[in-house]
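run33.tsv follows; it contains TSV, C-alpha atoms.
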```
chain	number	residue	atom	x	y	z
A	18	MET	CA	-26.25	15.21	72.02
A	19	GLU	CA	-26.09	11.45	71.83
A	20	ASN	CA	-28.66	11.40	69.00
A	21	ILE	CA	-26.64	13.91	67.00
A	22	LEU	CA	-23.50	11.79	67.44
A	23	LYS	CA	-25.38	8.66	66.26
A	24	LEU	CA	-26.76	10.61	63.31
A	25	LEU	CA	-23.29	11.87	62.32
A	26	LEU	CA	-21.80	8.37	62.66
A	27	GLY	CA	-24.63	6.99	60.52
A	28	PHE	CA	-24.09	9.58	57.80
A	29	GLY	CA	-20.33	9.06	57.99
A	30	PHE	CA	-20.78	5.31	57.61
A	31	ILE	CA	-23.12	5.76	54.62
A	32	ILE	CA	-20.68	8.17	52.99
A	33	LEU	CA	-17.75	5.79	53.60
A	34	VAL	CA	-19.61	2.78	52.12
A	35	SER	CA	-20.79	4.86	49.17
A	36	TYR	CA	-17.26	6.07	48.50
A	37	LEU	CA	-15.84	2.52	48.65
A	38	VAL	CA	-18.50	1.20	46.28
A	39	TYR	CA	-17.84	4.10	43.91
A	40	GLN	CA	-14.08	3.43	43.91
A	41	ILE	CA	-14.53	-0.29	43.26
A	42	PHE	CA	-17.00	0.10	40.40
A	43	ASP	CA	-15.40	3.21	38.95
A	44	GLU	CA	-12.09	1.46	38.31
A	45	ALA	CA	-13.79	-1.62	36.88
A	46	SER	CA	-16.03	0.47	34.69
A	47	SER	CA	-13.16	2.60	33.39
A	48	ASP	CA	-11.19	-0.55	32.48
A	49	THR	CA	-14.24	-1.96	30.75
A	50	TYR	CA	-14.79	1.33	28.97
A	51	MET	CA	-11.21	1.39	27.68
A	52	TYR	CA	-11.43	-2.24	26.54
A	53	LEU	CA	-14.75	-1.74	24.78
A	54	THR	CA	-13.56	1.49	23.16
A	55	ALA	CA	-10.55	-0.33	21.71
A	56	GLU	CA	-12.74	-3.20	20.56
A	57	ILE	CA	-15.15	-0.79	18.86
A	58	ALA	CA	-12.24	0.82	17.03
A	59	ASP	CA	-11.05	-2.62	15.85
A	60	VAL	CA	-14.53	-3.59	14.66
A	61	GLU	CA	-14.97	-0.29	12.83
A	62	ALA	CA	-11.60	-0.77	11.10
A	63	GLY	CA	-12.66	-4.27	10.08
A	64	ASN	CA	-15.97	-2.91	8.81
A	65	ALA	CA	-14.14	-0.31	6.72
A	66	LYS	CA	-11.99	-3.04	5.13
A	67	LEU	CA	-15.09	-5.11	4.41
A	68	ARG	CA	-16.82	-2.09	2.88
A	69	ASP	CA	-13.84	-1.56	0.57
A	70	THR	CA	-13.84	-5.25	-0.38
A	71	ASN	CA	-17.57	-5.15	-1.04
A	72	ASP	CA	-17.20	-2.08	-3.23
A	73	LEU	CA	-14.46	-3.78	-5.25
A	74	LEU	CA	-16.56	-6.91	-5.65
A	75	ARG	CA	-19.56	-4.84	-6.75
A	76	VAL	CA	-17.42	-3.23	-9.46
A	77	ARG	CA	-16.21	-6.65	-10.61
A	78	ILE	CA	-19.75	-8.06	-10.65
A	79	GLU	CA	-20.98	-5.10	-12.68
A	80	ALA	CA	-18.07	-5.55	-15.11
A	81	LEU	CA	-18.93	-9.23	-15.55
A	82	ARG	CA	-22.57	-8.33	-16.17
A	83	SER	CA	-21.92	-5.61	-18.72
A	84	GLU	CA	-18.48	-6.05	-20.33
A	85	PRO	CA	-17.91	-8.97	-22.71
A	86	ARG	CA	-14.12	-8.56	-22.48
A	87	ALA	CA	-14.24	-9.01	-18.70
A	88	ILE	CA	-16.27	-12.20	-19.11
A	89	GLU	CA	-13.83	-13.50	-21.73
A	90	ARG	CA	-10.82	-12.72	-19.53
A	91	LYS	CA	-12.42	-14.52	-16.55
A	92	VAL	CA	-13.25	-17.59	-18.66
A	93	ARG	CA	-9.74	-17.73	-20.12
A	94	ASP	CA	-7.99	-17.28	-16.76
A	95	GLU	CA	-10.11	-19.55	-14.58
A	96	LEU	CA	-11.34	-22.20	-16.99
A	97	GLY	CA	-8.38	-22.26	-19.36
A	98	MET	CA	-10.61	-21.92	-22.42
A	99	ALA	CA	-9.46	-20.59	-25.77
A	100	ARG	CA	-10.93	-19.80	-29.13
A	101	PRO	CA	-10.88	-22.58	-31.74
A	102	ASP	CA	-8.09	-20.95	-33.78
A	103	GLU	CA	-5.81	-20.27	-30.76
A	104	VAL	CA	-2.95	-22.34	-29.41
A	105	ILE	CA	-2.20	-22.25	-25.69
A	106	ILE	CA	1.42	-22.55	-24.59
A	107	LEU	CA	2.01	-23.21	-20.90
A	108	LEU	CA	5.36	-22.13	-19.48
A	109	ARG	CA	6.55	-23.65	-16.23
A	110	ASN	CA	8.92	-22.24	-13.69
A	111	PHE	CA	11.28	-25.14	-12.96
A	112	GLU	CA	12.68	-23.35	-9.92
A	113	ASP	CA	9.40	-24.02	-8.13
A	114	PRO	CA	9.86	-27.27	-6.15
A	115	GLU	CA	6.09	-27.81	-5.90
A	116	ALA	CA	5.73	-27.84	-9.71
A	117	GLU	CA	8.52	-30.40	-10.08
A	118	ALA	CA	7.09	-32.63	-7.36
A	119	ALA	CA	3.62	-32.54	-8.93
A	120	GLU	CA	4.96	-33.53	-12.38
A	121	PRO	CA	4.63	-37.26	-13.15
A	122	SER	CA	7.99	-38.98	-13.74
A	123	GLY	CA	7.31	-40.03	-17.34
A	124	ALA	CA	5.63	-36.81	-18.50
A	125	ALA	CA	8.84	-34.98	-19.41
A	126	ASP	CA	10.27	-37.96	-21.33
A	127	SER	CA	7.15	-38.63	-23.40
A	128	ALA	CA	7.01	-35.04	-24.67
A	129	ASP	CA	10.17	-35.55	-26.80
```

Take the structure in the file and write it out as structure tokens.
Amino acid sequence: MENILKLLLGFGFIILVSYLVYQIFDEASSDTYMYLTAEIADVEAGNAKLRDTNDLLRVRIEALRSEPRAIERKVRDELGMARPDEVIILLRNFEDPEAEAAEPSGAADSAD
């Protein structure tokens, strides 16, 4: 009878320890799971944005490789180039305080 009691206490102790370990790690693992699931969703959303950006850039690259008008537009916009018979007129927005601060003090007077 004493051996059976020791055996039952041993099994009870093992079950109790196993249950406590399960509860501790189960909660930690479920929190980790939720965190990692949210992080995966964020990364996948970022990847989708990057895929869209890459697709747009591929279209632009292909246009620059194959369309002369796209090349001309890019050169005109970014490098400020013009054809020999063209005149470029720059219009400024004087409401922009950065444009006024960047203008040298004598530049407006010498244009007259």

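Across the structure, CA of Phe28 (chain A) and CA of Ser47 (chain A) are spaced 27.6 Å apart.
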
>> Can you measure CA of Ile32 (chain A) to CA of Met51 (chain A) for me? One decimal in Å is fine.
In response: 27.9 Å

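CA of Ile78 (chain A) is found 13.4 Å from CA of Arg90 (chain A).
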